[in-house]
file upload31.cif (mmCIF, N, CA and C atoms)
data_upload
#
loop_
_atom_site.label_atom_id
_atom_site.label_comp_id
_atom_site.auth_asym_id
_atom_site.auth_seq_id
_atom_site.Cartn_x
_atom_site.Cartn_y
_atom_site.Cartn_z
N MET F 19 40.52 31.48 -39.68
CA MET F 19 41.41 32.53 -39.17
C MET F 19 40.68 33.87 -39.09
N GLU F 20 39.73 34.11 -39.99
CA GLU F 20 39.02 35.39 -40.01
C GLU F 20 38.27 35.64 -38.70
N ILE F 21 37.77 34.58 -38.09
CA ILE F 21 37.02 34.76 -36.84
C ILE F 21 37.93 35.26 -35.72
N ILE F 22 39.19 34.89 -35.75
CA ILE F 22 40.14 35.38 -34.74
C ILE F 22 40.33 36.88 -34.94
N LEU F 23 40.50 37.30 -36.18
CA LEU F 23 40.69 38.73 -36.47
C LEU F 23 39.45 39.55 -36.15
N LYS F 24 38.29 38.94 -36.27
CA LYS F 24 37.04 39.64 -35.94
C LYS F 24 37.03 40.06 -34.47
N TYR F 25 37.46 39.17 -33.61
CA TYR F 25 37.43 39.45 -32.17
C TYR F 25 38.73 40.02 -31.63
N PHE F 26 39.82 39.85 -32.38
CA PHE F 26 41.13 40.35 -31.96
C PHE F 26 41.79 41.08 -33.12
N PRO F 27 41.24 42.23 -33.53
CA PRO F 27 41.77 42.94 -34.70
C PRO F 27 43.12 43.60 -34.46
N GLU F 28 43.54 43.71 -33.21
CA GLU F 28 44.78 44.42 -32.88
C GLU F 28 46.01 43.51 -32.93
N LEU F 29 45.89 42.32 -33.44
CA LEU F 29 47.03 41.40 -33.49
C LEU F 29 48.16 41.96 -34.34
N SER F 30 49.39 41.70 -33.90
CA SER F 30 50.56 42.10 -34.69
C SER F 30 50.68 41.16 -35.89
N GLU F 31 51.50 41.52 -36.85
CA GLU F 31 51.72 40.66 -38.01
C GLU F 31 52.31 39.32 -37.58
N ASN F 32 53.20 39.35 -36.61
CA ASN F 32 53.78 38.11 -36.11
C ASN F 32 52.71 37.21 -35.49
N GLN F 33 51.82 37.78 -34.69
CA GLN F 33 50.75 37.00 -34.08
C GLN F 33 49.82 36.43 -35.15
N LYS F 34 49.49 37.22 -36.15
CA LYS F 34 48.64 36.72 -37.24
C LYS F 34 49.32 35.54 -37.93
N ASN F 35 50.60 35.67 -38.19
CA ASN F 35 51.35 34.60 -38.84
C ASN F 35 51.34 33.34 -37.99
N LEU F 36 51.54 33.48 -36.68
CA LEU F 36 51.55 32.31 -35.80
C LEU F 36 50.18 31.65 -35.76
N PHE F 37 49.12 32.44 -35.68
CA PHE F 37 47.78 31.86 -35.68
C PHE F 37 47.49 31.15 -37.00
N LYS F 38 47.95 31.69 -38.12
CA LYS F 38 47.75 31.04 -39.43
C LYS F 38 48.44 29.69 -39.48
N GLN F 39 49.57 29.56 -38.81
CA GLN F 39 50.32 28.31 -38.83
C GLN F 39 49.63 27.20 -38.03
N LEU F 40 48.72 27.56 -37.14
CA LEU F 40 48.11 26.55 -36.28
C LEU F 40 47.30 25.51 -37.05
N PHE F 41 46.55 25.94 -38.07
CA PHE F 41 45.72 24.98 -38.79
C PHE F 41 46.54 23.86 -39.43
N PRO F 42 47.56 24.18 -40.23
CA PRO F 42 48.33 23.06 -40.82
C PRO F 42 49.05 22.21 -39.77
N LEU F 43 49.53 22.83 -38.70
CA LEU F 43 50.21 22.06 -37.66
C LEU F 43 49.25 21.10 -36.95
N TYR F 44 48.11 21.61 -36.53
CA TYR F 44 47.14 20.75 -35.85
C TYR F 44 46.54 19.71 -36.79
N SER F 45 46.36 20.06 -38.06
CA SER F 45 45.85 19.08 -39.02
C SER F 45 46.81 17.91 -39.16
N LYS F 46 48.09 18.24 -39.26
CA LYS F 46 49.12 17.21 -39.39
C LYS F 46 49.13 16.30 -38.16
N TRP F 47 49.18 16.91 -36.98
CA TRP F 47 49.25 16.12 -35.76
C TRP F 47 47.95 15.38 -35.47
N ASN F 48 46.83 15.99 -35.81
CA ASN F 48 45.55 15.35 -35.54
C ASN F 48 45.37 14.09 -36.40
N ALA F 49 45.99 14.06 -37.56
CA ALA F 49 45.93 12.86 -38.41
C ALA F 49 46.71 11.70 -37.78
N ARG F 50 47.72 12.03 -36.98
CA ARG F 50 48.56 11.01 -36.33
C ARG F 50 48.07 10.65 -34.94
N ILE F 51 47.71 11.67 -34.18
CA ILE F 51 47.27 11.51 -32.79
C ILE F 51 45.96 12.28 -32.66
N ASN F 52 44.95 11.64 -32.17
CA ASN F 52 43.65 12.30 -32.07
C ASN F 52 43.68 13.37 -30.98
N VAL F 53 44.12 14.58 -31.36
CA VAL F 53 44.23 15.69 -30.42
C VAL F 53 42.86 16.30 -30.16
N ILE F 54 42.11 16.51 -31.23
CA ILE F 54 40.71 16.96 -31.14
C ILE F 54 39.90 16.03 -32.03
N SER F 55 38.60 16.08 -31.91
CA SER F 55 37.75 15.23 -32.74
C SER F 55 38.09 15.43 -34.22
N ARG F 56 38.23 14.34 -34.94
CA ARG F 56 38.56 14.44 -36.36
C ARG F 56 37.50 15.21 -37.14
N LYS F 57 36.26 15.13 -36.69
CA LYS F 57 35.18 15.88 -37.34
C LYS F 57 35.29 17.38 -37.05
N ASP F 58 36.05 17.73 -36.05
CA ASP F 58 36.14 19.11 -35.57
C ASP F 58 37.31 19.90 -36.16
N ILE F 59 38.21 19.24 -36.84
CA ILE F 59 39.43 19.92 -37.30
C ILE F 59 39.11 21.10 -38.22
N ASP F 60 38.07 21.00 -39.02
CA ASP F 60 37.72 22.11 -39.91
C ASP F 60 37.18 23.32 -39.14
N HIS F 61 36.85 23.12 -37.88
CA HIS F 61 36.33 24.20 -37.03
C HIS F 61 37.35 24.59 -35.96
N LEU F 62 38.62 24.33 -36.25
CA LEU F 62 39.69 24.57 -35.28
C LEU F 62 39.68 26.00 -34.74
N TYR F 63 39.58 26.97 -35.64
CA TYR F 63 39.67 28.37 -35.20
C TYR F 63 38.48 28.76 -34.34
N GLU F 64 37.31 28.36 -34.71
CA GLU F 64 36.12 28.76 -33.96
C GLU F 64 35.97 28.00 -32.65
N ARG F 65 36.09 26.69 -32.71
CA ARG F 65 35.75 25.85 -31.54
C ARG F 65 36.91 25.61 -30.58
N HIS F 66 38.13 25.87 -31.03
CA HIS F 66 39.26 25.57 -30.15
C HIS F 66 40.14 26.79 -29.89
N ILE F 67 40.53 27.49 -30.93
CA ILE F 67 41.41 28.64 -30.75
C ILE F 67 40.64 29.82 -30.17
N LEU F 68 39.54 30.20 -30.80
CA LEU F 68 38.75 31.32 -30.27
C LEU F 68 38.24 31.01 -28.87
N HIS F 69 37.80 29.79 -28.66
CA HIS F 69 37.34 29.37 -27.33
C HIS F 69 38.45 29.52 -26.30
N SER F 70 39.68 29.18 -26.69
CA SER F 70 40.82 29.32 -25.79
C SER F 70 41.13 30.78 -25.48
N LEU F 71 40.87 31.66 -26.43
CA LEU F 71 41.19 33.08 -26.27
C LEU F 71 40.11 33.84 -25.51
N GLY F 72 39.00 33.21 -25.24
CA GLY F 72 37.88 33.89 -24.58
C GLY F 72 38.25 34.60 -23.29
N ILE F 73 39.14 34.02 -22.51
CA ILE F 73 39.54 34.63 -21.25
C ILE F 73 40.18 36.00 -21.46
N ALA F 74 40.75 36.22 -22.64
CA ALA F 74 41.43 37.49 -22.93
C ALA F 74 40.45 38.65 -23.04
N LYS F 75 39.17 38.35 -23.17
CA LYS F 75 38.17 39.41 -23.19
C LYS F 75 37.81 39.85 -21.77
N ILE F 76 38.25 39.09 -20.79
CA ILE F 76 37.98 39.38 -19.38
C ILE F 76 39.22 39.89 -18.66
N ILE F 77 40.36 39.29 -18.96
CA ILE F 77 41.59 39.63 -18.24
C ILE F 77 42.74 39.76 -19.24
N GLN F 78 43.62 40.69 -18.97
CA GLN F 78 44.85 40.85 -19.75
C GLN F 78 46.01 40.46 -18.84
N PHE F 79 46.71 39.39 -19.18
CA PHE F 79 47.85 38.96 -18.38
C PHE F 79 48.97 39.99 -18.51
N LYS F 80 49.52 40.38 -17.38
CA LYS F 80 50.63 41.33 -17.39
C LYS F 80 51.93 40.63 -17.76
N ASN F 81 52.89 41.41 -18.20
CA ASN F 81 54.20 40.86 -18.53
C ASN F 81 54.79 40.11 -17.35
N ASN F 82 55.44 39.00 -17.64
CA ASN F 82 56.11 38.15 -16.65
C ASN F 82 55.16 37.40 -15.72
N THR F 83 53.87 37.42 -16.02
CA THR F 83 52.91 36.61 -15.26
C THR F 83 53.19 35.14 -15.57
N ARG F 84 53.02 34.29 -14.56
CA ARG F 84 53.21 32.85 -14.74
C ARG F 84 51.84 32.17 -14.70
N VAL F 85 51.52 31.47 -15.78
CA VAL F 85 50.22 30.82 -15.93
C VAL F 85 50.44 29.33 -16.17
N ILE F 86 49.69 28.50 -15.45
CA ILE F 86 49.76 27.06 -15.67
C ILE F 86 48.45 26.60 -16.30
N ASP F 87 48.58 25.80 -17.34
CA ASP F 87 47.45 25.22 -18.06
C ASP F 87 47.41 23.74 -17.69
N ILE F 88 46.46 23.37 -16.85
CA ILE F 88 46.35 21.99 -16.38
C ILE F 88 45.41 21.21 -17.29
N GLY F 89 45.86 20.06 -17.73
CA GLY F 89 45.06 19.25 -18.65
C GLY F 89 45.02 19.86 -20.03
N THR F 90 46.15 20.34 -20.49
CA THR F 90 46.23 21.09 -21.74
C THR F 90 45.85 20.29 -22.98
N GLY F 91 45.90 18.96 -22.90
CA GLY F 91 45.61 18.16 -24.09
C GLY F 91 46.63 18.49 -25.17
N GLY F 92 46.15 18.95 -26.31
CA GLY F 92 47.05 19.31 -27.40
C GLY F 92 47.51 20.76 -27.35
N GLY F 93 47.29 21.42 -26.22
CA GLY F 93 47.79 22.79 -26.07
C GLY F 93 46.71 23.85 -25.98
N PHE F 94 45.51 23.44 -25.59
CA PHE F 94 44.40 24.39 -25.45
C PHE F 94 44.02 24.53 -23.99
N PRO F 95 43.98 25.70 -23.47
CA PRO F 95 44.06 27.01 -24.11
C PRO F 95 45.46 27.61 -24.16
N GLY F 96 46.47 26.92 -23.65
CA GLY F 96 47.80 27.49 -23.46
C GLY F 96 48.49 28.04 -24.70
N ILE F 97 48.49 27.29 -25.80
CA ILE F 97 49.23 27.76 -26.98
C ILE F 97 48.60 29.01 -27.60
N PRO F 98 47.29 29.03 -27.84
CA PRO F 98 46.72 30.28 -28.36
C PRO F 98 46.95 31.48 -27.43
N LEU F 99 46.84 31.26 -26.13
CA LEU F 99 47.08 32.36 -25.19
C LEU F 99 48.55 32.79 -25.19
N ALA F 100 49.46 31.85 -25.38
CA ALA F 100 50.88 32.19 -25.44
C ALA F 100 51.18 33.06 -26.66
N ILE F 101 50.46 32.83 -27.75
CA ILE F 101 50.61 33.68 -28.93
C ILE F 101 50.06 35.06 -28.64
N LEU F 102 48.93 35.12 -27.99
CA LEU F 102 48.29 36.41 -27.70
C LEU F 102 49.06 37.22 -26.66
N PHE F 103 49.66 36.54 -25.70
CA PHE F 103 50.40 37.20 -24.62
C PHE F 103 51.86 36.75 -24.63
N PRO F 104 52.66 37.27 -25.55
CA PRO F 104 54.04 36.78 -25.69
C PRO F 104 54.96 37.11 -24.52
N GLU F 105 54.57 38.03 -23.66
CA GLU F 105 55.41 38.39 -22.51
C GLU F 105 54.95 37.68 -21.23
N THR F 106 54.03 36.75 -21.36
CA THR F 106 53.54 35.95 -20.25
C THR F 106 54.09 34.55 -20.40
N HIS F 107 54.49 33.93 -19.29
CA HIS F 107 55.03 32.57 -19.33
C HIS F 107 53.89 31.56 -19.10
N PHE F 108 53.78 30.59 -19.99
CA PHE F 108 52.76 29.55 -19.88
C PHE F 108 53.44 28.20 -19.69
N HIS F 109 52.98 27.45 -18.68
CA HIS F 109 53.47 26.10 -18.42
C HIS F 109 52.30 25.15 -18.67
N LEU F 110 52.43 24.29 -19.69
CA LEU F 110 51.36 23.40 -20.10
C LEU F 110 51.61 22.00 -19.56
N VAL F 111 50.59 21.44 -18.92
CA VAL F 111 50.74 20.16 -18.24
C VAL F 111 49.61 19.22 -18.66
N ASP F 112 49.97 17.98 -18.94
CA ASP F 112 48.98 16.94 -19.21
C ASP F 112 49.57 15.62 -18.77
N SER F 113 48.72 14.70 -18.34
CA SER F 113 49.22 13.41 -17.87
C SER F 113 49.48 12.44 -19.02
N ILE F 114 49.03 12.78 -20.23
CA ILE F 114 49.17 11.88 -21.38
C ILE F 114 50.36 12.32 -22.22
N GLY F 115 51.34 11.44 -22.31
CA GLY F 115 52.59 11.75 -22.98
C GLY F 115 52.45 12.12 -24.45
N LYS F 116 51.58 11.43 -25.20
CA LYS F 116 51.45 11.73 -26.62
C LYS F 116 50.86 13.13 -26.85
N LYS F 117 50.07 13.61 -25.92
CA LYS F 117 49.53 14.97 -26.06
C LYS F 117 50.62 16.00 -25.78
N ILE F 118 51.47 15.73 -24.82
CA ILE F 118 52.60 16.63 -24.55
C ILE F 118 53.56 16.61 -25.73
N LYS F 119 53.69 15.48 -26.41
CA LYS F 119 54.53 15.42 -27.62
C LYS F 119 54.00 16.39 -28.68
N VAL F 120 52.69 16.48 -28.83
CA VAL F 120 52.08 17.42 -29.77
C VAL F 120 52.37 18.85 -29.33
N VAL F 121 52.20 19.13 -28.05
CA VAL F 121 52.48 20.46 -27.51
C VAL F 121 53.94 20.84 -27.78
N GLU F 122 54.84 19.93 -27.53
CA GLU F 122 56.26 20.18 -27.77
C GLU F 122 56.52 20.50 -29.24
N ALA F 123 55.98 19.69 -30.13
CA ALA F 123 56.22 19.88 -31.57
C ALA F 123 55.63 21.20 -32.06
N ILE F 124 54.43 21.53 -31.64
CA ILE F 124 53.80 22.77 -32.10
C ILE F 124 54.51 23.98 -31.51
N THR F 125 54.86 23.91 -30.24
CA THR F 125 55.59 25.00 -29.59
C THR F 125 56.91 25.26 -30.31
N GLU F 126 57.63 24.20 -30.61
CA GLU F 126 58.91 24.34 -31.29
C GLU F 126 58.74 24.83 -32.73
N SER F 127 57.73 24.32 -33.43
CA SER F 127 57.48 24.76 -34.81
C SER F 127 57.17 26.25 -34.88
N LEU F 128 56.45 26.73 -33.90
CA LEU F 128 56.08 28.15 -33.86
C LEU F 128 57.20 29.02 -33.29
N GLY F 129 58.16 28.41 -32.62
CA GLY F 129 59.25 29.17 -32.00
C GLY F 129 58.80 29.93 -30.77
N LEU F 130 57.81 29.39 -30.06
CA LEU F 130 57.31 30.06 -28.85
C LEU F 130 58.31 29.87 -27.71
N THR F 131 58.86 30.97 -27.23
CA THR F 131 59.85 30.91 -26.15
C THR F 131 59.20 31.14 -24.78
N ASN F 132 57.93 31.43 -24.77
CA ASN F 132 57.23 31.69 -23.50
C ASN F 132 56.39 30.50 -23.05
N VAL F 133 56.68 29.32 -23.60
CA VAL F 133 55.94 28.10 -23.26
C VAL F 133 56.89 27.02 -22.81
N THR F 134 56.56 26.41 -21.67
CA THR F 134 57.21 25.17 -21.24
C THR F 134 56.10 24.15 -21.06
N TYR F 135 56.46 22.90 -20.92
CA TYR F 135 55.46 21.84 -20.86
C TYR F 135 56.04 20.66 -20.11
N GLU F 136 55.14 19.84 -19.57
CA GLU F 136 55.59 18.62 -18.91
C GLU F 136 54.45 17.62 -18.84
N GLN F 137 54.85 16.35 -18.86
CA GLN F 137 53.90 15.28 -18.64
C GLN F 137 53.87 15.04 -17.14
N ASN F 138 52.70 15.26 -16.55
CA ASN F 138 52.57 15.10 -15.11
C ASN F 138 51.10 15.12 -14.76
N ARG F 139 50.79 14.68 -13.58
CA ARG F 139 49.42 14.76 -13.07
C ARG F 139 49.31 16.02 -12.21
N ALA F 140 48.16 16.64 -12.23
CA ALA F 140 47.96 17.91 -11.52
C ALA F 140 48.32 17.80 -10.04
N GLU F 141 47.97 16.69 -9.42
CA GLU F 141 48.22 16.56 -7.98
C GLU F 141 49.69 16.42 -7.64
N ASN F 142 50.54 16.20 -8.64
CA ASN F 142 51.98 16.06 -8.40
C ASN F 142 52.77 17.31 -8.75
N LEU F 143 52.10 18.36 -9.16
CA LEU F 143 52.79 19.57 -9.61
C LEU F 143 53.38 20.36 -8.45
N LYS F 144 54.50 20.96 -8.72
CA LYS F 144 55.16 21.85 -7.77
C LYS F 144 55.38 23.18 -8.47
N GLY F 145 55.50 24.23 -7.73
CA GLY F 145 55.78 25.52 -8.32
C GLY F 145 54.70 26.53 -7.97
N LYS F 146 55.00 27.77 -8.26
CA LYS F 146 54.06 28.85 -7.97
C LYS F 146 53.67 29.51 -9.28
N PHE F 147 52.39 29.78 -9.40
CA PHE F 147 51.86 30.40 -10.60
C PHE F 147 50.88 31.49 -10.20
N ASP F 148 50.76 32.48 -11.05
CA ASP F 148 49.83 33.57 -10.78
C ASP F 148 48.40 33.20 -11.15
N PHE F 149 48.26 32.36 -12.18
CA PHE F 149 46.94 31.93 -12.64
C PHE F 149 46.97 30.46 -13.00
N VAL F 150 45.86 29.80 -12.78
CA VAL F 150 45.65 28.42 -13.22
C VAL F 150 44.52 28.47 -14.24
N ILE F 151 44.79 27.93 -15.43
CA ILE F 151 43.75 27.87 -16.45
C ILE F 151 43.56 26.42 -16.86
N SER F 152 42.41 26.15 -17.42
CA SER F 152 42.10 24.82 -17.89
C SER F 152 40.90 24.91 -18.81
N ARG F 153 40.76 23.93 -19.64
CA ARG F 153 39.65 23.97 -20.57
C ARG F 153 38.68 22.81 -20.35
N ALA F 154 39.17 21.64 -20.15
CA ALA F 154 38.30 20.47 -19.98
C ALA F 154 39.00 19.45 -19.08
N VAL F 155 38.95 19.69 -17.80
CA VAL F 155 39.64 18.81 -16.86
C VAL F 155 38.62 18.25 -15.88
N LYS F 156 38.77 16.99 -15.61
CA LYS F 156 37.93 16.34 -14.60
C LYS F 156 38.81 16.15 -13.37
N LEU F 157 38.44 16.79 -12.30
CA LEU F 157 39.23 16.69 -11.07
C LEU F 157 38.60 15.68 -10.13
N PHE F 158 39.46 14.87 -9.54
CA PHE F 158 39.03 13.91 -8.54
C PHE F 158 39.70 14.26 -7.23
N TYR F 159 38.94 14.33 -6.20
CA TYR F 159 39.52 14.55 -4.88
C TYR F 159 38.60 13.94 -3.85
N SER F 160 39.17 13.59 -2.74
CA SER F 160 38.37 13.00 -1.67
C SER F 160 38.37 13.94 -0.48
N VAL F 161 37.31 13.84 0.27
CA VAL F 161 37.15 14.69 1.45
C VAL F 161 37.54 13.92 2.68
#

call {"tool": "encode", "arguments": {"input": "upload31.cif", "output": "structure tokens"}}
result
Amino acid sequence: MEIILKYFPELSENQKNLFKQLFPLYSKWNARINVISRKDIDHLYERHILHSLGIAKIIQFKNNTRVIDIGTGGGFPGIPLAILFPETHFHLVDSIGKKIKVVEAITESLGLTNVTYEQNRAENLKGKFDFVISRAVKLFYSV
């Protein structure tokens, strides 16, 4: 958690509390469903949360911006960004149902009201968004 505060010292107490809750939540879910590498769980803040927040050093999402996270997996980068930008709406999408189940559980546990989620494939998505984000997606398309 300290590494998050090093790069984002301006976090509110609520944001700090939400970020602190991520480790026990992801540890619990990762033991049941392999959300991230089991060897990596001890490096959650550095390798997954901070990595997800990196975009915030380049761009600040304005209030009411709509952002879609394609291939969110267990909620990266969408959930950390939703904590950082509580007035921005994040829609998290993954084709794997068990990963969306993790996103749903963590979102509800944290009480994040600016996050929605769905199990779907990127090519089937409808809707308009201001930004598309992703962390590790392999896109297939034909010419």

call {"tool": "resolve_selection", "arguments": {"input": "upload31.cif", "expression": "the PyMOL selection byres (((chain F and resi 49-51 and name CA) around 12) and name CA)", "output": "NGL selection string"}}
result
:F and (42-48 or 52-59 or 91-92 or 114-121)

call {"tool": "atom_distance", "arguments": {"input": "upload31.cif", "atom1": "atom C of F:Gly93", "atom2": "atom N of F:Phe149"}}
result
16.3 Å

call {"tool": "closest_residue", "arguments": {"input": "upload31.cif", "among": "F:Ile88, F:Ile76, F:Ile97, F:Leu62", "to": "F:Gln137", "atoms": "only C-alpha atoms"}}
result
F:Ile88

call {"tool": "resolve_selection", "arguments": {"input": "upload31.cif", "expression": "the PyMOL selection byres ((chain F and resi 85) around 6)", "output": "MDAnalysis selection string"}}
result
chainID F and resid 83:84 86:87 107:109 147:151

call {"tool": "write_last_selection", "arguments": {"input": "upload31.cif", "atoms": "N, CA and C atoms", "output": "short mmCIF file (atom, residue, chain, number, x, y, z; two decimals), in the frame of the given file"}}
result
data_model
loop_
_atom_site.label_atom_id
_atom_site.label_comp_id
_atom_site.auth_asym_id
_atom_site.auth_seq_id
_atom_site.Cartn_x
_atom_site.Cartn_y
_atom_site.Cartn_z
N THR F 83 53.87 37.42 -16.02
CA THR F 83 52.91 36.61 -15.26
C THR F 83 53.19 35.14 -15.57
N ARG F 84 53.02 34.29 -14.56
CA ARG F 84 53.21 32.85 -14.74
C ARG F 84 51.84 32.17 -14.70
N ILE F 86 49.69 28.50 -15.45
CA ILE F 86 49.76 27.06 -15.67
C ILE F 86 48.45 26.60 -16.30
N ASP F 87 48.58 25.80 -17.34
CA ASP F 87 47.45 25.22 -18.06
C ASP F 87 47.41 23.74 -17.69
N HIS F 107 54.49 33.93 -19.29
CA HIS F 107 55.03 32.57 -19.33
C HIS F 107 53.89 31.56 -19.10
N PHE F 108 53.78 30.59 -19.99
CA PHE F 108 52.76 29.55 -19.88
C PHE F 108 53.44 28.20 -19.69
N HIS F 109 52.98 27.45 -18.68
CA HIS F 109 53.47 26.10 -18.42
C HIS F 109 52.30 25.15 -18.67
N PHE F 147 52.39 29.78 -9.40
CA PHE F 147 51.86 30.40 -10.60
C PHE F 147 50.88 31.49 -10.20
N ASP F 148 50.76 32.48 -11.05
CA ASP F 148 49.83 33.57 -10.78
C ASP F 148 48.40 33.20 -11.15
N PHE F 149 48.26 32.36 -12.18
CA PHE F 149 46.94 31.93 -12.64
C PHE F 149 46.97 30.46 -13.00
N VAL F 150 45.86 29.80 -12.78
CA VAL F 150 45.65 28.42 -13.22
C VAL F 150 44.52 28.47 -14.24
N ILE F 151 44.79 27.93 -15.43
CA ILE F 151 43.75 27.87 -16.45
C ILE F 151 43.56 26.42 -16.86
#

call {"tool": "select_by_dssp", "arguments": {"input": "upload31.cif", "residues": "chain F", "states": "alpha helix (DSSP H)", "output": "ChimeraX atom specification"}}
result
/F:20-25,31-50,62,68-71,96-102,115-128

call {"tool": "atom_distance", "arguments": {"input": "upload31.cif", "atom1": "atom C of F:Leu40", "atom2": "atom N of F:Ala100"}}
result
13.5 Å

call {"tool": "axis_aligned_box", "arguments": {"input": "upload31.cif", "around": "stretch 132-151 of chain F", "padding_each_side": "4 Å", "output": "lines of an AutoDock Vina configuration file"}}
result
center_x = 50.7
center_y = 24.1
center_z = -16.2
size_x = 22.4
size_y = 26.9
size_z = 25.1

call {"tool": "closest_residue", "arguments": {"input": "upload31.cif", "among": "F:Ser127, F:Thr134, F:Ser30, F:Gln39", "to": "F:Phe103", "atoms": "only C-alpha atoms"}}
result
F:Ser30

call {"tool": "select_by_dssp", "arguments": {"input": "upload31.cif", "residues": "chain F", "states": "strand (DSSP E or B)", "output": "ChimeraX atom specification"}}
result
/F:84-88,107-112,133-137,149-151

call {"tool": "closest_residue", "arguments": {"input": "upload31.cif", "among": "F:Ser70, F:Thr90, F:Asn82, F:Asn35", "to": "F:Ser113", "atoms": "all atoms listed in the file"}}
result
F:Thr90

call {"tool": "atom_distance", "arguments": {"input": "upload31.cif", "atom1": "atom C of F:Leu128", "atom2": "atom C of F:Lys38"}}
result
10.7 Å

call {"tool": "residues_around", "arguments": {"input": "upload31.cif", "residues": "F:Glu64", "least_positions_apart": "6", "cutoff": "7 Å", "atoms": "all atoms listed in the file", "output": "PDB file with N, CA and C atoms, in the frame of the given file"}}
result
ATOM      1  N   MET F  19      40.520  31.480 -39.680  1.00  0.00           N
ATOM      2  CA  MET F  19      41.410  32.530 -39.170  1.00  0.00           C
ATOM      3  C   MET F  19      40.680  33.870 -39.090  1.00  0.00           C
ATOM      4  N   ILE F  21      37.770  34.580 -38.090  1.00  0.00           N
ATOM      5  CA  ILE F  21      37.020  34.760 -36.840  1.00  0.00           C
ATOM      6  C   ILE F  21      37.930  35.260 -35.720  1.00  0.00           C
ATOM      7  N   ILE F  22      39.190  34.890 -35.750  1.00  0.00           N
ATOM      8  CA  ILE F  22      40.140  35.380 -34.740  1.00  0.00           C
ATOM      9  C   ILE F  22      40.330  36.880 -34.940  1.00  0.00           C
TER      10      ILE F  22
END

call {"tool": "decode", "arguments": {"input": "upload31.cif", "residues": "stretch 53-65 of chain F", "atoms": "N, CA, C and O atoms", "output": "compact mmCIF listing (two decimals), in the first residue's frame"}}
result
# COMPACT_ATOMS: atom_id res chain seq x y z
N VAL F 53 -7.09 -15.25 -10.38
CA VAL F 53 -7.28 -13.93 -11.00
C VAL F 53 -5.95 -13.39 -11.50
O VAL F 53 -5.85 -12.85 -12.59
N ILE F 54 -4.93 -13.51 -10.65
CA ILE F 54 -3.55 -13.16 -11.03
C ILE F 54 -2.68 -14.34 -10.63
O ILE F 54 -3.11 -15.21 -9.89
N SER F 55 -1.46 -14.36 -11.09
CA SER F 55 -0.55 -15.45 -10.73
C SER F 55 -0.48 -15.58 -9.21
O SER F 55 -0.33 -14.59 -8.50
N ARG F 56 -0.58 -16.80 -8.73
CA ARG F 56 -0.52 -17.03 -7.28
C ARG F 56 0.80 -16.55 -6.69
O ARG F 56 0.85 -16.12 -5.55
N LYS F 57 1.86 -16.61 -7.47
CA LYS F 57 3.17 -16.13 -7.00
C LYS F 57 3.19 -14.60 -6.92
O LYS F 57 4.04 -14.04 -6.27
N ASP F 58 2.26 -13.96 -7.58
CA ASP F 58 2.25 -12.50 -7.71
C ASP F 58 1.39 -11.80 -6.65
O ASP F 58 1.47 -10.58 -6.54
N ILE F 59 0.61 -12.53 -5.90
CA ILE F 59 -0.35 -11.88 -5.00
C ILE F 59 0.35 -11.00 -3.97
O ILE F 59 -0.17 -9.95 -3.59
N ASP F 60 1.54 -11.37 -3.53
CA ASP F 60 2.26 -10.53 -2.56
C ASP F 60 2.75 -9.22 -3.17
O ASP F 60 3.14 -8.32 -2.45
N HIS F 61 2.72 -9.13 -4.49
CA HIS F 61 3.15 -7.92 -5.20
C HIS F 61 1.95 -7.20 -5.83
O HIS F 61 2.11 -6.47 -6.80
N LEU F 62 0.78 -7.43 -5.26
CA LEU F 62 -0.46 -6.88 -5.82
C LEU F 62 -0.39 -5.36 -6.02
O LEU F 62 -0.74 -4.86 -7.08
N TYR F 63 0.07 -4.65 -5.00
CA TYR F 63 0.07 -3.19 -5.09
C TYR F 63 1.05 -2.69 -6.15
O TYR F 63 0.72 -1.79 -6.92
N GLU F 64 2.20 -3.26 -6.21
CA GLU F 64 3.21 -2.78 -7.16
C GLU F 64 2.92 -3.21 -8.59
O GLU F 64 2.96 -2.39 -9.51
N ARG F 65 2.64 -4.48 -8.79
CA ARG F 65 2.54 -5.03 -10.14
C ARG F 65 1.16 -4.95 -10.78
O ARG F 65 1.03 -5.13 -11.98
